[in-house]
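Data block for input.cif (mmCIF, C-alpha atoms and all ligand atoms):
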data_work
loop_
_atom_site.label_atom_id
_atom_site.label_comp_id
_atom_site.auth_asym_id
_atom_site.auth_seq_id
_atom_site.Cartn_x
_atom_site.Cartn_y
_atom_site.Cartn_z
CA MET A 1 265.45 159.00 91.62
CA PRO A 2 263.24 156.44 93.37
CA LEU A 3 262.91 153.11 91.61
CA ARG A 4 259.64 152.59 89.77
CA THR A 5 257.64 149.52 88.87
CA LEU A 6 256.56 149.35 85.24
CA CYS A 7 253.87 147.21 83.60
CA SER A 8 255.76 144.38 81.93
CA SER A 9 253.32 144.38 79.04
CA CYS A 10 252.45 148.01 78.18
CA GLY A 11 255.20 149.83 80.06
CA LYS A 12 252.83 151.93 82.15
CA ASP A 13 254.38 153.41 85.28
CA LEU A 14 252.82 151.67 88.27
CA GLY A 15 254.40 153.91 90.87
CA PRO A 16 257.35 153.71 93.24
CA ARG A 17 258.68 150.24 93.81
CA GLU A 18 257.84 148.80 97.21
CA ALA A 19 260.70 147.40 99.27
CA GLY A 20 261.44 143.81 98.37
CA THR A 21 259.49 143.82 95.11
CA GLY A 22 260.85 143.58 91.61
CA PRO A 23 260.86 146.20 88.89
CA PHE A 24 258.11 144.45 86.97
CA GLY A 25 254.40 144.42 87.55
CA VAL A 26 251.35 144.21 85.35
CA CYS A 27 248.74 146.96 85.22
CA PRO A 28 245.07 146.01 85.91
CA ASN A 29 244.06 146.37 82.24
CA CYS A 30 246.82 144.11 81.01
CA GLU A 31 246.30 141.61 83.81
CA GLU A 32 242.64 141.28 82.91
CA HIS A 33 243.67 140.52 79.34
CA PHE A 34 246.08 137.79 80.47
CA ASN A 35 243.58 136.36 82.94
CA ARG A 36 241.19 135.80 80.05
CA GLN A 37 243.82 133.67 78.31
CA SER A 38 243.99 131.15 81.14
CA VAL A 39 241.11 128.76 80.71
CA GLN A 40 239.52 127.78 84.04
CA ASP A 41 239.72 124.04 83.34
CA MET A 42 243.43 124.33 82.71
CA VAL A 43 243.96 126.24 85.93
CA LYS A 44 242.08 123.50 87.81
CA PHE A 45 244.22 120.90 86.08
CA LEU A 46 247.43 122.64 87.19
CA GLU A 47 246.34 122.23 90.81
CA THR A 48 246.09 118.44 90.37
CA LEU A 49 249.81 118.24 89.55
CA ALA A 50 252.31 117.27 92.24
CA HIS A 51 254.92 119.69 90.88
CA PRO A 52 255.23 123.43 90.37
CA ALA A 53 253.55 124.20 87.05
CA LEU A 54 252.76 127.27 84.99
CA LEU A 55 251.04 128.13 81.75
CA VAL A 56 252.58 130.54 79.28
CA ASN A 57 251.03 132.10 76.21
CA GLN A 58 252.55 132.51 72.74
CA ASP A 59 254.65 135.44 73.93
CA LEU A 60 255.89 133.26 76.80
CA ARG A 61 254.04 135.37 79.33
CA VAL A 62 252.77 133.53 82.41
CA VAL A 63 248.96 133.42 82.41
CA ALA A 64 248.48 130.89 85.23
CA TYR A 65 250.44 128.98 87.86
CA ASN A 66 249.61 126.54 90.61
CA GLU A 67 249.84 126.75 94.38
CA ASN A 68 252.92 124.52 94.39
CA CYS A 69 254.68 126.98 92.09
CA LEU A 70 253.67 129.89 94.31
CA ARG A 71 255.00 128.17 97.43
CA ASN A 72 258.21 126.74 96.02
CA LEU A 73 259.33 129.08 93.24
CA CYS A 74 257.77 132.42 94.20
CA ASN A 75 258.49 132.37 97.96
CA GLY A 76 254.75 132.50 98.54
CA THR A 77 254.48 135.97 96.98
CA PRO A 78 251.62 136.09 94.43
CA GLN A 79 252.76 137.34 91.01
CA PRO A 80 250.56 139.24 88.55
CA LYS A 81 249.44 137.38 85.42
CA GLY A 82 251.21 138.45 82.27
CA LEU A 83 254.82 138.67 83.40
CA LEU A 84 257.45 137.27 81.07
CA GLY A 85 258.76 133.89 82.25
CA GLY A 86 262.07 135.28 83.49
CA GLU A 87 260.38 138.19 85.25
CA PHE A 88 258.05 135.73 86.94
CA LEU A 89 260.94 133.55 88.12
CA GLY A 90 263.14 136.51 89.08
CA CYS A 91 265.86 135.66 86.54
CA GLN A 92 268.71 138.19 86.64
CA ASN A 93 268.78 138.41 82.85
CA ALA A 94 265.25 139.86 82.91
CA LEU A 95 266.77 142.92 84.61
CA LEU A 96 269.00 143.71 81.63
CA PRO A 97 267.81 146.47 79.27
CA GLU A 98 267.07 143.77 76.64
CA ARG A 99 264.64 142.18 79.13
CA CYS A 100 263.57 138.54 79.39
CA GLY A 101 264.27 136.74 76.13
CA GLY A 102 266.18 139.60 74.56
CA SER A 103 269.71 139.28 75.87
CA VAL A 104 272.53 137.13 74.51
CA ALA A 105 272.32 135.02 77.68
CA CYS A 106 268.68 134.25 76.82
CA LEU A 107 269.76 132.49 73.62
CA ASP A 108 270.65 129.40 75.61
CA CYS A 109 267.85 129.60 78.15
CA ALA A 110 266.62 126.01 78.18
CA ILE A 111 263.21 126.91 79.61
CA ARG A 112 262.58 129.37 76.81
CA GLN A 113 263.84 126.95 74.17
CA ALA A 114 261.70 124.07 75.45
CA ALA A 115 258.55 126.22 75.60
CA ALA A 116 259.18 127.75 72.17
CA GLN A 117 259.84 124.33 70.65
CA THR A 118 256.61 122.90 72.09
CA LEU A 119 254.70 125.95 70.92
CA ARG A 120 256.06 125.57 67.39
CA THR A 121 255.90 121.79 66.99
CA GLY A 122 253.18 120.81 69.45
CA LYS A 123 255.57 118.16 70.76
CA PRO A 124 256.23 117.75 74.46
CA GLN A 125 259.73 118.16 75.85
CA ARG A 126 260.75 116.01 78.83
CA ASN A 127 263.13 116.61 81.72
CA ILE A 128 265.05 119.43 80.10
CA ARG A 129 267.93 120.65 82.24
CA ALA A 130 267.71 124.40 82.83
CA HIS A 131 269.16 126.97 85.19
CA LEU A 132 268.83 130.61 86.09
CA THR A 133 270.38 132.99 88.57
CA ARG A 134 268.23 135.11 90.83
CA MET A 135 268.17 136.92 94.14
CA GLU A 136 266.51 135.20 97.10
CA GLY A 137 266.42 137.79 99.83
CA ASN A 138 269.92 139.26 99.79
CA ARG A 139 271.52 136.14 98.38
CA LYS A 140 272.32 135.42 94.79
CA VAL A 141 271.39 131.82 94.03
CA ARG A 142 271.60 129.60 91.01
CA LEU A 143 268.37 127.70 90.49
CA GLU A 144 268.83 124.36 88.74
CA LEU A 145 265.69 122.83 87.26
CA LEU A 146 264.39 119.94 85.21
CA VAL A 147 261.37 121.05 83.20
CA SER A 148 258.84 119.40 80.89
CA THR A 149 256.61 121.21 78.46
CA ASP A 150 253.29 120.27 76.85
CA LYS A 151 251.04 122.13 74.46
CA LEU A 152 247.60 122.84 75.90
CA GLY A 153 245.48 124.56 73.28
CA ASP A 154 247.23 127.84 72.43
CA LEU A 155 249.24 127.70 75.63
CA VAL A 156 252.28 125.82 76.87
CA GLN A 157 252.31 124.12 80.23
CA ILE A 158 255.69 124.09 81.94
CA ILE A 159 256.10 121.55 84.72
CA VAL A 160 259.10 121.83 87.00
CA ASN A 161 259.89 118.16 87.65
CA SER A 162 262.63 118.98 90.12
CA PHE A 163 264.68 121.92 91.26
CA PHE A 164 267.35 122.86 93.75
CA THR A 165 269.26 126.01 94.55
CA VAL A 166 273.00 126.55 94.84
CA MET A 167 274.37 129.60 96.66
CA GLU A 168 276.54 131.79 94.50
CA PRO A 169 279.65 133.22 96.17
CA PRO A 170 278.97 136.73 97.51
CA THR A 171 280.02 139.56 95.24
CA SER A 172 281.25 142.90 96.49
CA ALA A 173 278.99 145.33 94.69
ZN ZN B 201 249.85 147.28 81.15
#

Output the file's structure as structure tokens, nothing else.
Ligand SMILES: [Zn+2]
Amino acid sequence: MPLRTLCSSCGKDLGPREAGTGPFGVCPNCEEHFNRQSVQDMVKFLETLAHPALLVNQDLRVVAYNENCLRNLCNGTPQPKGLLGGEFLGCQNALLPERCGGSVACLDCAIRQAAAQTLRTGKPQRNIRAHLTRMEGNRKVRLELLVSTDKLGDLVQIIVNSFFTVMEPPTSA
């Protein structure tokens, strides 16, 4: 059976997966909905930052991100608005049946915790150490990050203060 891409939000089948793309997409209807959540002024503000930055909504779905984020964390490949944070960043745990945020591993996801905390309390979090494992090309890498979160209206801004990748040893699979 060919692999399919599904809308991360409503589950709609978006067709066969193109080579090199992930299993998650966002259908045009859902993307329009998420686009409306990213206020233009906030998007402009993201571009003034010297670091990769993204905005997530209350469900921790990415509604905006800056050019720096696109270049440095997305390999220059534009991502649809509305993906869950881990889907957006290519986290391996997002590929589990429980999806991003639902697996046991997600319980100690520092990015998720920082964003959820800021959402709940309104208080910023600073230089939180986080990591995730993802594929970059054919290589499995561990991405180590320091992130800061701020509440912006109903949304949370996540700034990646620094990041570096560590190659994972190859697995025979
Ligand atoms: Zn959809």

**Request:** Determine, counting all atoms listed in the file, which protein, DNA and RNA residues have an atom within 8 Å of an atom of A:Gly101; residues of the same chain fewer than 4 positions away are not included. Present the result as a VMD selection string.
**Result:** chain A and resid 86 94 106 to 107 112

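Minimum distance to ligand ZN 201 (chain B) across A:Gly11, A:Gly122, A:Pro23, A:Gly85 (counting all atoms listed in the file) occurs at A:Gly11.
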
**Item:** Shell around stretch 24-29 of chain A at 12 Å using all atoms listed in the file, local window under 6 positions removed, as a ChimeraX atom specification
**Value:** /A:3-18,35-36,61-63,78-91,94-95,99-100

Residues from last step as file, C-alpha atoms, as a JSON list (two decimals), in the coordinates of the input:
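Done, and the output landed in part-v9.json:
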[["chain", "number", "residue", "atom", "x", "y", "z"],
["A", 3, "LEU", "CA", 262.91, 153.11, 91.61],
["A", 4, "ARG", "CA", 259.64, 152.59, 89.77],
["A", 5, "THR", "CA", 257.64, 149.52, 88.87],
["A", 6, "LEU", "CA", 256.56, 149.35, 85.24],
["A", 7, "CYS", "CA", 253.87, 147.21, 83.60],
["A", 8, "SER", "CA", 255.76, 144.38, 81.93],
["A", 9, "SER", "CA", 253.32, 144.38, 79.04],
["A", 10, "CYS", "CA", 252.45, 148.01, 78.18],
["A", 11, "GLY", "CA", 255.20, 149.83, 80.06],
["A", 12, "LYS", "CA", 252.83, 151.93, 82.15],
["A", 13, "ASP", "CA", 254.38, 153.41, 85.28],
["A", 14, "LEU", "CA", 252.82, 151.67, 88.27],
["A", 15, "GLY", "CA", 254.40, 153.91, 90.87],
["A", 16, "PRO", "CA", 257.35, 153.71, 93.24],
["A", 17, "ARG", "CA", 258.68, 150.24, 93.81],
["A", 18, "GLU", "CA", 257.84, 148.80, 97.21],
["A", 35, "ASN", "CA", 243.58, 136.36, 82.94],
["A", 36, "ARG", "CA", 241.19, 135.80, 80.05],
["A", 61, "ARG", "CA", 254.04, 135.37, 79.33],
["A", 62, "VAL", "CA", 252.77, 133.53, 82.41],
["A", 63, "VAL", "CA", 248.96, 133.42, 82.41],
["A", 78, "PRO", "CA", 251.62, 136.09, 94.43],
["A", 79, "GLN", "CA", 252.76, 137.34, 91.01],
["A", 80, "PRO", "CA", 250.56, 139.24, 88.55],
["A", 81, "LYS", "CA", 249.44, 137.38, 85.42],
["A", 82, "GLY", "CA", 251.21, 138.45, 82.27],
["A", 83, "LEU", "CA", 254.82, 138.67, 83.40],
["A", 84, "LEU", "CA", 257.45, 137.27, 81.07],
["A", 85, "GLY", "CA", 258.76, 133.89, 82.25],
["A", 86, "GLY", "CA", 262.07, 135.28, 83.49],
["A", 87, "GLU", "CA", 260.38, 138.19, 85.25],
["A", 88, "PHE", "CA", 258.05, 135.73, 86.94],
["A", 89, "LEU", "CA", 260.94, 133.55, 88.12],
["A", 90, "GLY", "CA", 263.14, 136.51, 89.08],
["A", 91, "CYS", "CA", 265.86, 135.66, 86.54],
["A", 94, "ALA", "CA", 265.25, 139.86, 82.91],
["A", 95, "LEU", "CA", 266.77, 142.92, 84.61],
["A", 99, "ARG", "CA", 264.64, 142.18, 79.13],
["A", 100, "CYS", "CA", 263.57, 138.54, 79.39]]

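Our summary of the geometry notes that atom CA of A:Leu60 is positioned 17.3 Å from atom CA of A:Leu73.
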
**Long-range neighbours of A:Thr133 as a list in words, 6 Å cut-off, only C-alpha atoms, 5 positions minimum in chain** = Cys91, Gln92, Val141, Arg142 and Leu143 of chain A

**Item:** Nearby residues (all atoms listed in the file) at most 9 Å from A:Asn75, same-chain spacing under 5 positions excluded, as a PyMOL selection string
**Value:** chain A and resi 69-70+136

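Separating atom CA of A:Gln40 from atom CA of A:Gly153 is a distance of 12.7 Å.
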
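Comparing the minimum interatomic distances between A:Met167 and each of A:Asp41, A:Glu144, A:Asp59, A:Glu31, counting all atoms listed in the file, we find that A:Glu144 sits nearest.
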
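Distances here use only C-alpha atoms; by that measure, the residue among A:Ile158, A:Leu46, A:Leu55, A:Val166 closest to A:Glu67 is A:Leu46.
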
**Message:** I need the residue nearest A:Ala105 from this list: A:Asn93, A:Leu155, A:Pro52, A:Tyr65. Use all atoms listed in the file for the distance.
**Reply:** A:Asn93

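Proximity of A:Ser148, A:Thr48, A:Thr165, A:Gln113 to A:Asn68, computed with only C-alpha atoms, is greatest for A:Thr48.
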
**Request:** Step by step: start from the point (266.6, 122.7, 89.9) in the file's coordinates, keep every protein, DNA or RNA residue that has an atom no farther than 6 Å from it, count all atoms listed in the file, and write the set as a PyMOL selection string.
**Result:** chain A and resi 143-146+162-164

Produce a file of the selected residues containing C-alpha atoms, as a short mmCIF file (atom, residue, chain, number, x, y, z; two decimals), in the coordinates of the input.
data_model
loop_
_atom_site.label_atom_id
_atom_site.label_comp_id
_atom_site.auth_asym_id
_atom_site.auth_seq_id
_atom_site.Cartn_x
_atom_site.Cartn_y
_atom_site.Cartn_z
CA LEU A 143 268.37 127.70 90.49
CA GLU A 144 268.83 124.36 88.74
CA LEU A 145 265.69 122.83 87.26
CA LEU A 146 264.39 119.94 85.21
CA SER A 162 262.63 118.98 90.12
CA PHE A 163 264.68 121.92 91.26
CA PHE A 164 267.35 122.86 93.75
#

Any chance you could build stretch 33-57 of chain A out to N, CA and C atoms and write it as a CSV table (one decimal), in the coordinates of the input?
chain,number,residue,atom,x,y,z
A,33,HIS,N,243.5,141.1,80.6
A,33,HIS,CA,243.7,140.5,79.3
A,33,HIS,C,244.3,139.1,79.5
A,34,PHE,N,245.4,139.1,80.3
A,34,PHE,CA,246.1,137.8,80.5
A,34,PHE,C,245.3,136.8,81.3
A,35,ASN,N,244.5,137.3,82.2
A,35,ASN,CA,243.6,136.4,82.9
A,35,ASN,C,242.6,135.7,82.0
A,36,ARG,N,242.1,136.4,81.0
A,36,ARG,CA,241.2,135.8,80.0
A,36,ARG,C,241.8,134.7,79.2
A,37,GLN,N,243.2,134.7,79.1
A,37,GLN,CA,243.8,133.7,78.3
A,37,GLN,C,244.0,132.3,79.1
A,38,SER,N,243.8,132.4,80.4
A,38,SER,CA,244.0,131.2,81.1
A,38,SER,C,242.6,130.5,81.3
A,39,VAL,N,242.4,129.4,80.7
A,39,VAL,CA,241.1,128.8,80.7
A,39,VAL,C,240.9,128.1,82.1
A,40,GLN,N,239.8,128.3,82.7
A,40,GLN,CA,239.5,127.8,84.0
A,40,GLN,C,239.8,126.3,84.2
A,41,ASP,N,239.5,125.5,83.2
A,41,ASP,CA,239.7,124.0,83.3
A,41,ASP,C,241.2,123.8,83.4
A,42,MET,N,242.0,124.5,82.7
A,42,MET,CA,243.4,124.3,82.7
A,42,MET,C,244.0,124.7,84.1
A,43,VAL,N,243.5,125.8,84.6
A,43,VAL,CA,244.0,126.2,85.9
A,43,VAL,C,243.7,125.2,87.0
A,44,LYS,N,242.4,124.6,86.9
A,44,LYS,CA,242.1,123.5,87.8
A,44,LYS,C,243.0,122.3,87.6
A,45,PHE,N,243.3,122.0,86.4
A,45,PHE,CA,244.2,120.9,86.1
A,45,PHE,C,245.6,121.1,86.7
A,46,LEU,N,246.1,122.3,86.6
A,46,LEU,CA,247.4,122.6,87.2
A,46,LEU,C,247.5,122.3,88.7
A,47,GLU,N,246.4,122.5,89.4
A,47,GLU,CA,246.3,122.2,90.8
A,47,GLU,C,246.4,120.7,91.1
A,48,THR,N,246.1,119.9,90.1
A,48,THR,CA,246.1,118.4,90.4
A,48,THR,C,247.5,117.9,90.3
A,49,LEU,N,248.4,118.7,89.8
A,49,LEU,CA,249.8,118.2,89.6
A,49,LEU,C,250.6,118.3,90.8
A,50,ALA,N,251.5,117.3,91.0
A,50,ALA,CA,252.3,117.3,92.2
A,50,ALA,C,253.6,118.1,92.2
A,51,HIS,N,253.7,118.9,91.1
A,51,HIS,CA,254.9,119.7,90.9
A,51,HIS,C,254.5,121.1,90.6
A,52,PRO,N,255.5,122.1,90.8
A,52,PRO,CA,255.2,123.4,90.4
A,52,PRO,C,254.9,123.4,88.9
A,53,ALA,N,253.9,124.2,88.5
A,53,ALA,CA,253.6,124.2,87.0
A,53,ALA,C,253.0,125.6,86.7
A,54,LEU,N,253.3,126.0,85.5
A,54,LEU,CA,252.8,127.3,85.0
A,54,LEU,C,252.3,127.2,83.5
A,55,LEU,N,251.5,128.1,83.1
A,55,LEU,CA,251.0,128.1,81.8
A,55,LEU,C,251.5,129.4,81.2
A,56,VAL,N,252.1,129.3,80.0
A,56,VAL,CA,252.6,130.5,79.3
A,56,VAL,C,251.9,130.7,77.9
A,57,ASN,N,251.7,131.9,77.5
A,57,ASN,CA,251.0,132.1,76.2
A,57,ASN,C,252.1,132.1,75.1
